[in-house]
>>> print(open('input_0.cif').read())   # mmCIF, C-alpha atoms and all ligand atoms
data_target
#
loop_
_atom_site.label_atom_id
_atom_site.label_comp_id
_atom_site.auth_asym_id
_atom_site.auth_seq_id
_atom_site.Cartn_x
_atom_site.Cartn_y
_atom_site.Cartn_z
CA MET A 4 0.00 0.00 0.00
CA LYS A 5 1.46 3.35 -1.05
CA LYS A 6 1.32 5.84 1.80
CA GLN A 7 3.55 8.55 0.37
CA VAL A 8 2.27 10.53 -2.62
CA ASN A 9 4.64 12.98 -4.30
CA ILE A 10 3.40 15.88 -6.30
CA ALA A 11 5.19 18.45 -8.44
CA VAL A 12 3.73 21.86 -9.11
CA LEU A 13 4.30 23.74 -12.35
CA GLY A 14 4.24 27.43 -11.43
CA LEU A 15 4.33 29.32 -8.15
CA GLY A 16 1.77 32.07 -8.71
CA VAL A 17 -1.39 33.00 -6.81
CA VAL A 18 -3.15 29.60 -6.88
CA ALA A 19 0.07 27.60 -6.35
CA ASN A 20 0.79 29.72 -3.28
CA GLY A 21 -2.70 28.93 -2.03
CA LEU A 22 -2.11 25.23 -2.65
CA VAL A 23 1.12 25.18 -0.65
CA LYS A 24 -0.60 26.91 2.29
CA ASN A 25 -3.78 24.78 2.14
CA LEU A 26 -1.77 21.57 1.95
CA ILE A 27 0.33 22.51 5.01
CA THR A 28 -2.84 23.37 6.95
CA ALA A 29 -4.56 20.11 5.97
CA GLU A 30 -1.52 17.82 6.26
CA GLU A 31 -2.45 16.24 9.58
CA LYS A 32 -6.12 15.91 8.70
CA ILE A 33 -5.25 14.17 5.43
CA LYS A 34 -2.96 11.74 7.29
CA GLN A 35 -5.55 11.01 9.96
CA GLN A 36 -8.44 10.51 7.56
CA THR A 37 -6.70 8.75 4.68
CA GLY A 38 -3.38 7.50 6.02
CA LEU A 39 -1.69 9.33 3.14
CA SER A 40 1.20 11.72 3.26
CA ILE A 41 1.16 14.17 0.36
CA SER A 42 4.39 16.06 -0.28
CA ILE A 43 5.34 18.73 -2.77
CA ALA A 44 8.55 17.24 -4.13
CA LYS A 45 9.42 19.93 -6.69
CA VAL A 46 8.13 23.25 -7.98
CA LEU A 47 8.86 24.54 -11.47
CA VAL A 48 9.59 28.29 -11.57
CA ARG A 49 10.99 30.69 -14.16
CA SER A 50 13.50 32.22 -11.75
CA LYS A 51 14.71 30.55 -8.58
CA GLU A 52 15.96 33.88 -7.23
CA LYS A 53 12.56 35.53 -7.39
CA LYS A 54 10.89 32.70 -5.46
CA GLN A 55 13.71 32.01 -3.00
CA GLY A 56 11.87 33.64 -0.09
CA LEU A 57 8.79 31.48 -0.57
CA ALA A 58 10.90 28.37 -1.11
CA GLN A 59 12.69 28.91 2.20
CA LYS A 60 9.49 29.70 4.08
CA TYR A 61 7.74 26.54 2.91
CA GLN A 62 10.85 24.35 2.36
CA LEU A 63 10.15 23.90 -1.34
CA THR A 64 12.62 22.46 -3.83
CA LEU A 65 12.66 24.72 -6.87
CA THR A 66 13.71 23.85 -10.38
CA THR A 67 13.75 25.78 -13.65
CA GLU A 68 13.89 22.60 -15.77
CA VAL A 69 10.60 20.83 -16.44
CA GLU A 70 12.51 17.65 -17.30
CA ASP A 71 13.61 17.48 -13.63
CA ILE A 72 9.97 16.79 -12.89
CA LEU A 73 8.88 14.81 -15.94
CA ALA A 74 11.84 12.43 -15.72
CA ASP A 75 11.52 11.92 -11.96
CA PRO A 76 9.96 8.46 -11.35
CA THR A 77 9.08 9.35 -7.74
CA ILE A 78 6.59 12.02 -8.83
CA ASP A 79 3.06 10.64 -8.98
CA ILE A 80 0.99 13.74 -9.73
CA VAL A 81 1.87 16.83 -11.77
CA VAL A 82 -0.15 19.93 -10.88
CA GLU A 83 -0.19 22.46 -13.72
CA LEU A 84 -0.73 26.02 -12.49
CA ILE A 85 1.16 28.07 -15.08
CA GLY A 86 -1.88 28.79 -17.25
CA GLY A 87 -1.82 29.56 -20.98
CA ILE A 88 -1.79 27.00 -23.76
CA ASP A 89 1.55 26.15 -25.38
CA SER A 90 3.90 25.04 -22.60
CA ALA A 91 1.02 23.83 -20.44
CA LYS A 92 -0.29 21.55 -23.20
CA GLU A 93 3.13 20.20 -24.05
CA TRP A 94 4.08 19.48 -20.44
CA ILE A 95 0.72 17.97 -19.50
CA THR A 96 0.92 15.70 -22.55
CA LEU A 97 4.43 14.57 -21.60
CA ALA A 98 3.44 14.03 -17.96
CA LEU A 99 0.45 11.87 -18.98
CA GLN A 100 2.56 9.90 -21.46
CA ARG A 101 5.03 9.24 -18.66
CA LYS A 102 2.17 7.81 -16.60
CA LYS A 103 1.83 10.69 -14.18
CA HIS A 104 -1.62 11.83 -13.10
CA VAL A 105 -2.34 15.47 -13.85
CA VAL A 106 -4.37 18.11 -12.03
CA THR A 107 -4.88 21.49 -13.67
CA ALA A 108 -6.85 24.70 -13.12
CA ASN A 109 -6.35 25.74 -16.76
CA LYS A 110 -9.81 26.39 -18.25
CA ASP A 111 -8.50 27.81 -21.55
CA LEU A 112 -6.56 24.60 -22.14
CA ILE A 113 -9.27 22.19 -20.97
CA ALA A 114 -11.98 23.99 -22.97
CA ARG A 115 -9.93 23.81 -26.16
CA PHE A 116 -7.96 20.60 -25.77
CA GLY A 117 -9.73 18.73 -22.93
CA ASN A 118 -10.89 15.90 -25.19
CA GLU A 119 -7.47 15.36 -26.71
CA LEU A 120 -5.76 15.40 -23.31
CA THR A 121 -8.39 13.13 -21.75
CA ALA A 122 -7.79 10.61 -24.54
CA ILE A 123 -4.05 10.68 -23.79
CA ALA A 124 -4.76 10.23 -20.06
CA LYS A 125 -7.04 7.26 -20.80
CA ALA A 126 -4.52 5.63 -23.10
CA ASN A 127 -1.89 5.85 -20.35
CA ASP A 128 -4.20 4.73 -17.54
CA VAL A 129 -3.74 7.92 -15.54
CA SER A 130 -6.25 10.60 -14.51
CA LEU A 131 -6.62 14.17 -15.72
CA PHE A 132 -8.66 16.26 -13.25
CA TYR A 133 -9.59 19.93 -13.52
CA GLU A 134 -12.16 20.84 -10.84
CA ALA A 135 -10.55 24.26 -10.24
CA SER A 136 -10.98 25.25 -13.89
CA VAL A 137 -14.69 26.06 -13.38
CA ALA A 138 -16.22 28.19 -10.61
CA GLY A 139 -13.16 28.27 -8.30
CA GLY A 140 -14.06 26.69 -4.97
CA ILE A 141 -17.46 25.26 -5.97
CA PRO A 142 -17.21 21.47 -6.41
CA ILE A 143 -19.33 21.58 -9.54
CA LEU A 144 -17.50 19.17 -11.87
CA ARG A 145 -17.27 16.50 -9.16
CA ASN A 146 -21.01 16.82 -8.54
CA LEU A 147 -21.81 16.56 -12.25
CA ASN A 148 -19.70 13.40 -12.39
CA THR A 149 -21.30 11.76 -9.39
CA SER A 150 -24.64 13.06 -8.10
CA PHE A 151 -25.96 13.97 -11.56
CA MET A 152 -24.52 10.95 -13.37
CA THR A 153 -27.84 9.18 -13.82
CA ASP A 154 -29.93 12.35 -14.10
CA GLU A 155 -30.75 14.11 -17.39
CA ILE A 156 -29.65 17.72 -17.33
CA THR A 157 -31.58 19.95 -19.72
CA ALA A 158 -30.08 23.36 -18.96
CA ILE A 159 -27.23 24.90 -17.04
CA GLN A 160 -26.78 28.55 -16.14
CA GLY A 161 -24.01 30.18 -14.21
CA ILE A 162 -22.33 33.27 -12.97
CA LEU A 163 -18.92 31.88 -13.83
CA ASN A 164 -16.60 34.86 -13.90
CA GLY A 165 -15.82 36.27 -10.46
CA THR A 166 -14.14 39.38 -11.85
CA SER A 167 -17.11 40.50 -13.98
CA ASN A 168 -19.56 39.78 -11.19
CA PHE A 169 -17.38 41.64 -8.69
CA MET A 170 -17.14 44.63 -11.04
CA LEU A 171 -20.89 44.84 -11.76
CA THR A 172 -21.67 44.49 -8.04
CA GLN A 173 -19.22 47.24 -7.12
CA MET A 174 -20.51 49.54 -9.89
CA ASN A 175 -24.08 48.89 -8.81
CA GLU A 176 -23.73 48.96 -5.03
CA ALA A 177 -20.64 51.07 -4.28
CA GLY A 178 -20.93 53.45 -7.24
CA LEU A 179 -17.45 52.57 -8.57
CA THR A 180 -16.65 53.42 -12.18
CA TYR A 181 -15.80 50.57 -14.56
CA GLY A 182 -12.06 51.38 -14.28
CA GLU A 183 -12.11 51.56 -10.49
CA ALA A 184 -14.02 48.29 -10.24
CA LEU A 185 -11.54 46.54 -12.56
CA GLU A 186 -8.57 47.83 -10.58
CA SER A 187 -10.15 46.62 -7.36
CA ALA A 188 -10.74 43.13 -8.88
CA GLN A 189 -7.09 43.00 -9.97
CA VAL A 190 -5.78 44.07 -6.55
CA SER A 191 -7.97 41.40 -4.90
CA GLY A 192 -6.40 38.71 -7.12
CA PHE A 193 -9.66 37.74 -8.88
CA ALA A 194 -8.74 38.91 -12.39
CA GLU A 195 -6.37 37.10 -14.75
CA SER A 196 -2.99 38.83 -15.29
CA ASP A 197 -4.48 40.11 -18.56
CA PRO A 198 -8.11 40.73 -17.58
CA THR A 199 -9.37 40.95 -21.19
CA ASN A 200 -10.75 37.40 -21.08
CA ASP A 201 -12.55 38.15 -17.81
CA VAL A 202 -14.38 41.30 -18.93
CA ASP A 203 -14.94 40.23 -22.56
CA GLY A 204 -16.68 37.01 -21.57
CA TRP A 205 -14.09 34.49 -22.88
CA ASP A 206 -13.15 33.20 -19.43
CA ALA A 207 -16.81 32.35 -18.76
CA ALA A 208 -17.12 30.90 -22.28
CA TYR A 209 -14.25 28.46 -21.60
CA LYS A 210 -15.91 27.44 -18.35
CA LEU A 211 -19.28 27.00 -20.06
CA ILE A 212 -17.72 24.71 -22.71
CA ILE A 213 -16.35 22.50 -19.91
CA LEU A 214 -19.71 22.49 -18.10
CA VAL A 215 -21.59 21.62 -21.30
CA ARG A 216 -19.26 18.65 -21.85
CA LEU A 217 -19.97 17.25 -18.40
CA ALA A 218 -23.59 18.31 -18.00
CA LEU A 219 -25.02 18.05 -21.51
CA ASN A 220 -22.53 15.56 -23.00
CA GLN A 221 -21.82 17.68 -26.04
CA ASP A 222 -18.71 19.28 -27.35
CA LEU A 223 -18.82 22.97 -28.23
CA ALA A 224 -16.07 25.06 -29.79
CA LEU A 225 -15.53 28.67 -28.84
CA ASP A 226 -17.00 29.80 -32.19
CA ASP A 227 -20.26 27.99 -31.39
CA LEU A 228 -21.02 30.34 -28.52
CA SER A 229 -22.48 33.79 -28.63
CA VAL A 230 -20.15 35.79 -26.34
CA LYS A 231 -20.64 39.32 -25.05
CA GLY A 232 -18.65 40.94 -22.22
CA ILE A 233 -19.51 43.58 -19.66
CA GLY A 234 -17.42 46.36 -21.25
CA GLU A 235 -20.41 48.36 -22.48
CA ILE A 236 -22.45 48.28 -19.27
CA THR A 237 -22.74 51.72 -17.71
CA GLN A 238 -24.20 53.22 -14.54
CA VAL A 239 -27.17 54.34 -16.68
CA ASP A 240 -27.99 50.70 -17.49
CA ASN A 241 -27.65 49.79 -13.81
CA PHE A 242 -29.99 52.65 -12.91
CA TYR A 243 -32.78 51.55 -15.30
CA ALA A 244 -32.33 47.85 -14.50
CA HIS A 245 -32.76 48.63 -10.82
CA ASP A 246 -35.69 50.95 -11.49
CA PHE A 247 -37.48 48.20 -13.47
CA GLY A 248 -36.85 45.64 -10.68
CA TYR A 249 -33.82 43.83 -12.13
CA GLN A 250 -30.06 43.49 -11.72
CA ILE A 251 -27.48 43.10 -14.47
CA LYS A 252 -25.50 39.88 -14.07
CA PRO A 253 -22.76 38.29 -16.23
CA LEU A 254 -24.46 35.05 -17.21
CA ALA A 255 -23.25 31.96 -19.04
CA HIS A 256 -26.02 29.62 -20.10
CA ALA A 257 -26.69 26.57 -22.22
CA GLN A 258 -29.88 24.70 -22.81
CA LEU A 259 -31.10 21.81 -24.91
CA ILE A 260 -33.67 22.88 -27.49
CA ASP A 261 -35.24 20.59 -30.12
CA GLU A 262 -32.36 18.11 -30.16
CA GLY A 263 -29.92 21.01 -30.33
CA ILE A 264 -28.25 23.36 -27.90
CA TYR A 265 -28.14 27.11 -27.46
CA ALA A 266 -25.18 28.48 -25.51
CA ALA A 267 -24.21 32.05 -24.74
CA VAL A 268 -22.28 34.31 -22.40
CA GLU A 269 -23.84 37.74 -21.95
CA PRO A 270 -24.78 40.34 -19.36
CA VAL A 271 -28.52 39.90 -18.73
CA LEU A 272 -31.16 41.57 -16.61
CA ILE A 273 -32.45 39.18 -13.96
CA PRO A 274 -35.28 39.91 -11.52
CA GLN A 275 -34.21 41.17 -8.08
CA THR A 276 -35.90 38.07 -6.64
CA HIS A 277 -33.95 35.57 -8.80
CA PRO A 278 -31.44 33.45 -6.78
CA PHE A 279 -28.60 34.84 -8.93
CA ALA A 280 -29.41 38.35 -7.65
CA PHE A 281 -27.90 37.22 -4.34
CA VAL A 282 -24.69 35.99 -5.98
CA LYS A 283 -22.54 39.06 -5.48
CA ASN A 284 -18.94 40.19 -5.93
CA GLU A 285 -16.52 37.34 -6.73
CA MET A 286 -19.05 34.68 -5.77
CA ASN A 287 -20.22 32.27 -8.48
CA GLY A 288 -23.45 30.35 -8.80
CA VAL A 289 -24.41 27.41 -11.00
CA PHE A 290 -28.07 26.58 -11.58
CA ILE A 291 -28.86 23.14 -12.98
CA GLU A 292 -32.20 22.09 -14.45
CA SER A 293 -32.56 18.33 -14.62
CA ASN A 294 -35.36 15.86 -15.09
CA VAL A 295 -34.87 13.74 -11.98
CA ILE A 296 -33.45 16.00 -9.25
CA GLY A 297 -35.24 19.11 -10.53
CA ASN A 298 -33.66 22.54 -9.99
CA SER A 299 -30.37 22.78 -8.06
CA LEU A 300 -28.24 25.79 -7.20
CA LEU A 301 -24.60 25.57 -6.19
CA TYR A 302 -23.04 28.70 -4.74
CA GLY A 303 -19.54 29.64 -3.61
CA PRO A 304 -16.39 31.67 -4.27
CA GLY A 305 -15.52 31.62 -7.95
CA ALA A 306 -12.11 33.24 -7.74
CA GLY A 307 -9.33 33.80 -5.24
CA ALA A 308 -6.24 31.84 -4.24
CA SER A 309 -7.49 29.77 -1.34
CA PRO A 310 -10.88 28.51 -2.71
CA THR A 311 -9.37 27.69 -6.11
CA ALA A 312 -6.41 25.94 -4.47
CA GLU A 313 -8.82 23.88 -2.34
CA SER A 314 -10.42 22.52 -5.53
CA VAL A 315 -6.94 21.61 -6.80
CA LEU A 316 -6.22 19.89 -3.49
CA ALA A 317 -9.51 17.96 -3.67
CA ASP A 318 -8.47 16.62 -7.09
CA ILE A 319 -5.05 15.63 -5.73
CA LEU A 320 -6.68 13.80 -2.83
CA THR A 321 -9.16 11.98 -5.08
CA ILE A 322 -6.33 10.74 -7.27
CA ALA A 323 -4.13 9.86 -4.28
CA LYS A 324 -6.91 7.83 -2.62
CA ASN A 325 -7.62 6.11 -5.91
CA MET A 326 -3.94 5.24 -6.37
CA ASN A 327 -3.77 3.98 -2.81
CA ASN A 328 -6.77 1.71 -3.38
CA LYS A 329 -5.14 0.47 -6.58
CA GLN A 330 -8.21 1.45 -8.59
CA GLN A 331 -8.14 2.08 -12.30
CA ALA A 332 -7.62 5.71 -13.25
CA PHE A 333 -10.77 7.55 -14.26
CA GLN A 334 -11.56 10.77 -16.12
CA MET A 335 -13.88 13.69 -15.53
CA SER A 336 -15.50 13.33 -18.95
CA SER A 337 -15.54 11.16 -22.03
CA SER A 338 -13.05 12.00 -24.78
CA ASN A 339 -15.32 11.25 -27.72
CA LEU A 340 -18.36 13.42 -27.30
CA PRO A 341 -20.53 14.45 -30.24
CA SER A 342 -20.24 18.06 -31.45
CA GLY A 343 -23.15 20.07 -30.12
CA LYS A 344 -25.85 20.70 -32.73
CA LEU A 345 -26.49 24.40 -32.41
CA HIS A 346 -29.78 26.16 -32.41
CA LYS A 347 -30.36 29.87 -32.37
CA GLU A 348 -31.66 32.01 -29.58
CA GLY A 349 -35.32 31.51 -28.63
CA LEU A 350 -38.01 33.95 -27.53
CA THR A 351 -36.66 36.54 -25.07
CA ASN A 352 -37.61 39.86 -23.50
CA TYR A 353 -35.11 42.63 -24.23
CA TYR A 354 -33.95 45.77 -22.45
CA PHE A 355 -33.34 48.75 -24.75
CA LEU A 356 -31.61 52.03 -23.85
CA LEU A 357 -32.15 54.88 -26.30
CA THR A 358 -30.83 58.41 -26.50
CA ASP A 359 -31.99 61.25 -28.80
CA CYS A 360 -35.51 59.91 -28.83
CA ALA A 361 -37.65 62.94 -29.60
CA ILE A 362 -41.01 61.22 -30.15
CA ASP A 363 -43.42 59.59 -27.71
CA LEU A 364 -42.00 56.08 -27.33
CA THR A 365 -45.23 54.58 -25.96
CA VAL A 366 -47.13 55.59 -29.09
CA PHE A 367 -44.27 54.49 -31.35
CA LEU A 368 -44.01 51.03 -29.77
CA GLU A 369 -47.76 50.54 -29.95
CA LYS A 370 -47.57 51.11 -33.70
CA GLN A 371 -44.87 48.42 -33.89
CA HIS A 372 -47.12 46.03 -31.90
CA ILE A 373 -44.62 45.97 -29.03
CA ARG A 374 -46.12 45.79 -25.56
CA PRO A 375 -43.40 47.01 -23.17
CA ILE A 376 -43.30 45.46 -19.72
CA SER A 377 -41.65 48.62 -18.35
CA LEU A 378 -40.91 51.95 -19.96
CA LYS A 379 -39.35 55.21 -18.86
CA GLN A 380 -38.80 58.26 -21.02
CA GLN A 381 -36.93 61.30 -19.70
CA GLU A 382 -37.25 64.91 -20.82
CA ASN A 383 -33.65 64.86 -21.99
CA LYS A 384 -34.73 62.39 -24.73
CA GLU A 385 -33.22 59.37 -22.96
CA ALA A 386 -35.51 56.37 -22.77
CA ALA A 387 -35.37 52.78 -21.63
CA PHE A 388 -37.88 49.97 -21.92
CA ILE A 389 -38.26 46.23 -21.59
CA SER A 390 -40.01 44.62 -24.51
CA ASN A 391 -42.36 41.67 -24.51
CA LYS A 392 -40.89 38.37 -25.75
CA LEU A 393 -39.45 38.71 -29.27
CA THR A 394 -37.93 36.33 -31.75
CA VAL A 395 -34.45 37.23 -33.02
CA GLU A 396 -36.00 38.44 -36.30
CA GLN A 397 -38.50 40.62 -34.42
CA LYS A 398 -35.65 42.03 -32.32
CA HIS A 399 -33.64 43.00 -35.41
CA ASP A 400 -36.71 44.49 -37.05
CA LEU A 401 -37.38 46.58 -33.94
CA ILE A 402 -33.75 47.77 -33.78
CA ASP A 403 -34.02 49.00 -37.39
CA LYS A 404 -37.20 50.93 -36.60
CA LEU A 405 -35.76 52.37 -33.36
CA GLN A 406 -32.67 53.55 -35.20
CA GLU A 407 -34.88 55.70 -37.42
CA ILE A 408 -36.13 57.69 -34.41
CA SER A 409 -33.26 57.49 -31.89
CA HIS A 410 -29.78 56.29 -31.05
CA VAL A 411 -29.87 52.70 -29.70
CA LYS A 412 -27.21 52.60 -26.96
CA GLN A 413 -27.81 49.23 -25.36
CA ILE A 414 -29.69 45.96 -25.88
CA LEU A 415 -29.59 43.19 -23.29
CA SER A 416 -31.59 40.01 -22.80
CA VAL A 417 -33.99 39.98 -19.87
CA TRP A 418 -34.74 36.84 -17.87
CA GLU A 419 -37.88 36.22 -15.95
CA ASP A 420 -38.05 34.04 -12.82
N1 LIG A 501 -10.33 35.31 -13.39
C1 LIG A 501 -11.20 34.26 -13.01
C2 LIG A 501 -12.50 34.86 -12.50
C3 LIG A 501 -10.53 33.43 -11.94
O1 LIG A 501 -12.53 36.07 -12.26
O2 LIG A 501 -13.49 34.15 -12.37
C4 LIG A 501 -11.21 32.13 -11.65
O3 LIG A 501 -11.27 31.31 -12.79
#
>>> encode(input="input_0.cif", output="structure tokens", more="lines below")
Ligand code: HSE
Amino acid sequence: MKKQVNIAVLGLGVVANGLVKNLITAEEKIKQQTGLSISIAKVLVRSKEKKQGLAQKYQLTLTTEVEDILADPTIDIVVELIGGIDSAKEWITLALQRKKHVVTANKDLIARFGNELTAIAKANDVSLFYEASVAGGIPILRNLNTSFMTDEITAIQGILNGTSNFMLTQMNEAGLTYGEALESAQVSGFAESDPTNDVDGWDAAYKLIILVRLALNQDLALDDLSVKGIGEITQVDNFYAHDFGYQIKPLAHAQLIDEGIYAAVEPVLIPQTHPFAFVKNEMNGVFIESNVIGNSLLYGPGAGASPTAESVLADILTIAKNMNNKQQAFQMSSSNLPSGKLHKEGLTNYYFLLTDCAIDLTVFLEKQHIRPISLKQQENKEAAFISNKLTVEQKHDLIDKLQEISHVKQILSVWED
């Protein structure tokens, strides 16, 4: 029976730091409950000098050569925390081929190459786990793999980007500007080093692709998704959303429709009473609609060193226990899923913000057979309204008509309870 499990960590950034600390804190508990001793044998860094302080504090052995890790037969699990695609993909592939289990938090990589890497893991009878890649500290992938295994999931919705949610919350509740809110998210360690993917919706899109694989058993490419970030949301939108009884939230959602799937990432207006209205700041929420269990909501921190590191540690423990019990390696998802058959957006209510609207909007909309759910028109020619449910064609038709009488500044989907 193997009692000692050696891991190597690629990278010593925010999450890796969290992992080192969480592992030290949990060391005794892990030993008591599992009989296993998990040690960080080596850490790959770019510069030993820069990380010397940390290495001394936590007694870490640093290396700048990945081969020191890949060629070391005593290393059982490689934990990839460098992010990005090129080196991460190459090193994970090599680790799997050399029969080392791999744990990663890299959503970009898993969304794009998860199937390919899972196939390599399977072929080498080792596991590839990536719980921390989606929704930080929420154990969502593990739950999809176990509790929902025999259920039929029909839709999944989530607030999956902590940075965007933090920014919208701060703009809405603390009156911060977009720039101030972004800076605050960066200082708090929620945002990626280049926060473009966070605010433009790509980070949530990667996470949604991974969720769709596990929840809806279909494989989507990035191009299949409709992706819109939070960059154009202003305080004016927040004001009207609030006034109409809604909140703007960065939502990622996918649902099965007529044998197909519709998946999107977009800021949407949700009612103040919707459970997602209570998911604030860097918190994430995942709502699952399924035929057997019904509706489930998982909630927790979606970003930050310690929660994300705890998900990485949970993967390490699962693999270590599995190794110790001499069980066959297993994967988080199948590697040969069908490509998702895409369907377009269904009927939705829309929020419109107009400027330079000099005519009576109520009368105008009546002529277009639109029955607004809420409408506000100011004397300064600014107006906002929420339409009744429209098809995509009706929406485009309405935009054309509105452009003849005003400047259309914003259009967002609106969700009802
Ligand atoms: N930048 C990511 C977020 C970190 O804000 O959600 C967690 O994946």
>>> residues_near_point(input="input_0.cif", point="(-29.3, 23.7, -31.3)", cutoff="8 Å", atoms="only C-alpha atoms", output="NGL selection string")
:A and (259-265 or 343-347)
>>> atom_distance(input="input_0.cif", atom1="CA of Pro253 in chain A", atom2="CA of Asp203 in chain A")
10.2 Å
>>> atom_distance(input="input_0.cif", atom1="CA of Ser167 in chain A", atom2="CA of Glu292 in chain A")
23.8 Å
>>> closest_atom_pairs(input="input_0.cif", of="chain A", to="ligand LIG 501 (chain A)", cutoff="7 Å", atoms="all atoms listed in the file", output="CSV")
residue,atom,partner,partner_atom,distance
A:Ser136,CA,A:LIG501,O3,6.2
A:Val137,CA,A:LIG501,O3,6.3
A:Ala138,CA,A:LIG501,O3,6.2
A:Gly139,CA,A:LIG501,C4,5.5
A:Leu163,CA,A:LIG501,O2,6.1
A:Asn164,CA,A:LIG501,O2,3.5
A:Gly165,CA,A:LIG501,O2,3.7
A:Thr166,CA,A:LIG501,O1,3.7
A:Ser167,CA,A:LIG501,O1,6.6
A:Phe193,CA,A:LIG501,O1,4.7
A:Ala194,CA,A:LIG501,N1,4.1
A:Glu195,CA,A:LIG501,N1,4.6
A:Asp201,CA,A:LIG501,N1,5.7
A:Asp206,CA,A:LIG501,C1,6.8
A:Glu285,CA,A:LIG501,O1,6.9
A:Gly305,CA,A:LIG501,O2,5.5
A:Ala306,CA,A:LIG501,C4,4.2
A:Gly307,CA,A:LIG501,C3,6.8
>>> write_last_selection(input="input_0.cif", atoms="C-alpha atoms", output="mmCIF file, in the coordinates of the input")
data_model
loop_
_atom_site.group_PDB
_atom_site.id
_atom_site.type_symbol
_atom_site.label_atom_id
_atom_site.label_comp_id
_atom_site.auth_asym_id
_atom_site.auth_seq_id
_atom_site.Cartn_x
_atom_site.Cartn_y
_atom_site.Cartn_z
ATOM 1 C CA SER A 136 -10.980 25.250 -13.890
ATOM 2 C CA VAL A 137 -14.690 26.060 -13.380
ATOM 3 C CA ALA A 138 -16.220 28.190 -10.610
ATOM 4 C CA GLY A 139 -13.160 28.270 -8.300
ATOM 5 C CA LEU A 163 -18.920 31.880 -13.830
ATOM 6 C CA ASN A 164 -16.600 34.860 -13.900
ATOM 7 C CA GLY A 165 -15.820 36.270 -10.460
ATOM 8 C CA THR A 166 -14.140 39.380 -11.850
ATOM 9 C CA SER A 167 -17.110 40.500 -13.980
ATOM 10 C CA PHE A 193 -9.660 37.740 -8.880
ATOM 11 C CA ALA A 194 -8.740 38.910 -12.390
ATOM 12 C CA GLU A 195 -6.370 37.100 -14.750
ATOM 13 C CA ASP A 201 -12.550 38.150 -17.810
ATOM 14 C CA ASP A 206 -13.150 33.200 -19.430
ATOM 15 C CA GLU A 285 -16.520 37.340 -6.730
ATOM 16 C CA GLY A 305 -15.520 31.620 -7.950
ATOM 17 C CA ALA A 306 -12.110 33.240 -7.740
ATOM 18 C CA GLY A 307 -9.330 33.800 -5.240
#
>>> closest_residue(input="input_0.cif", among="A:Phe116, A:Tyr133, A:Lys24, A:Lys102", to="Leu57 in chain A", atoms="all atoms listed in the file")
A:Lys24
>>> residues_around(input="input_0.cif", residues="Asn175 in chain A", least_positions_apart="3", cutoff="12 Å", atoms="only C-alpha atoms", output="ChimeraX atom specification")
/A:168-172,178-181,184,236-245,249-252,280,283-284
>>> closest_residue(input="input_0.cif", among="A:Val81, A:Ala91, A:Ala255, A:Val12", to="Val129 in chain A", atoms="all atoms listed in the file")
A:Val81
>>> closest_residue(input="input_0.cif", among="A:Ile88, A:Ala158, A:Val202, A:Leu147", to="Val230 in chain A", atoms="only C-alpha atoms")
A:Val202
>>> residues_around(input="input_0.cif", residues="Leu316 in chain A", least_positions_apart="2", cutoff="12 Å", atoms="only C-alpha atoms", output="PyMOL selection string")
chain A and resi 10+12+18-19+21-30+33+41-43+80-82+105-108+132-135+139-140+142+308-314+318-323
>>> atom_distance(input="input_0.cif", atom1="CA of Asn146 in chain A", atom2="CA of Ala218 in chain A")
9.9 Å
>>> closest_residue(input="input_0.cif", among="A:Ala361, A:Ile373, A:Leu214, A:Ile296", to="Asn148 in chain A", atoms="only C-alpha atoms")
A:Leu214
>>> residues_near_point(input="input_0.cif", point="(-26.9, 23.9, -7.8)", cutoff="9 Å", atoms="all atoms listed in the file", output="ChimeraX atom specification")
/A:143,288-292,298-302
>>> write_last_selection(input="input_0.cif", atoms="C-alpha atoms", output="PDB file, keeping the file's coordinate frame")
ATOM      1  CA  ILE A 143     -19.330  21.580  -9.540  1.00  0.00           C
ATOM      2  CA  GLY A 288     -23.450  30.350  -8.800  1.00  0.00           C
ATOM      3  CA  VAL A 289     -24.410  27.410 -11.000  1.00  0.00           C
ATOM      4  CA  PHE A 290     -28.070  26.580 -11.580  1.00  0.00           C
ATOM      5  CA  ILE A 291     -28.860  23.140 -12.980  1.00  0.00           C
ATOM      6  CA  GLU A 292     -32.200  22.090 -14.450  1.00  0.00           C
ATOM      7  CA  ASN A 298     -33.660  22.540  -9.990  1.00  0.00           C
ATOM      8  CA  SER A 299     -30.370  22.780  -8.060  1.00  0.00           C
ATOM      9  CA  LEU A 300     -28.240  25.790  -7.200  1.00  0.00           C
ATOM     10  CA  LEU A 301     -24.600  25.570  -6.190  1.00  0.00           C
ATOM     11  CA  TYR A 302     -23.040  28.700  -4.740  1.00  0.00           C
TER      12      TYR A 302
END
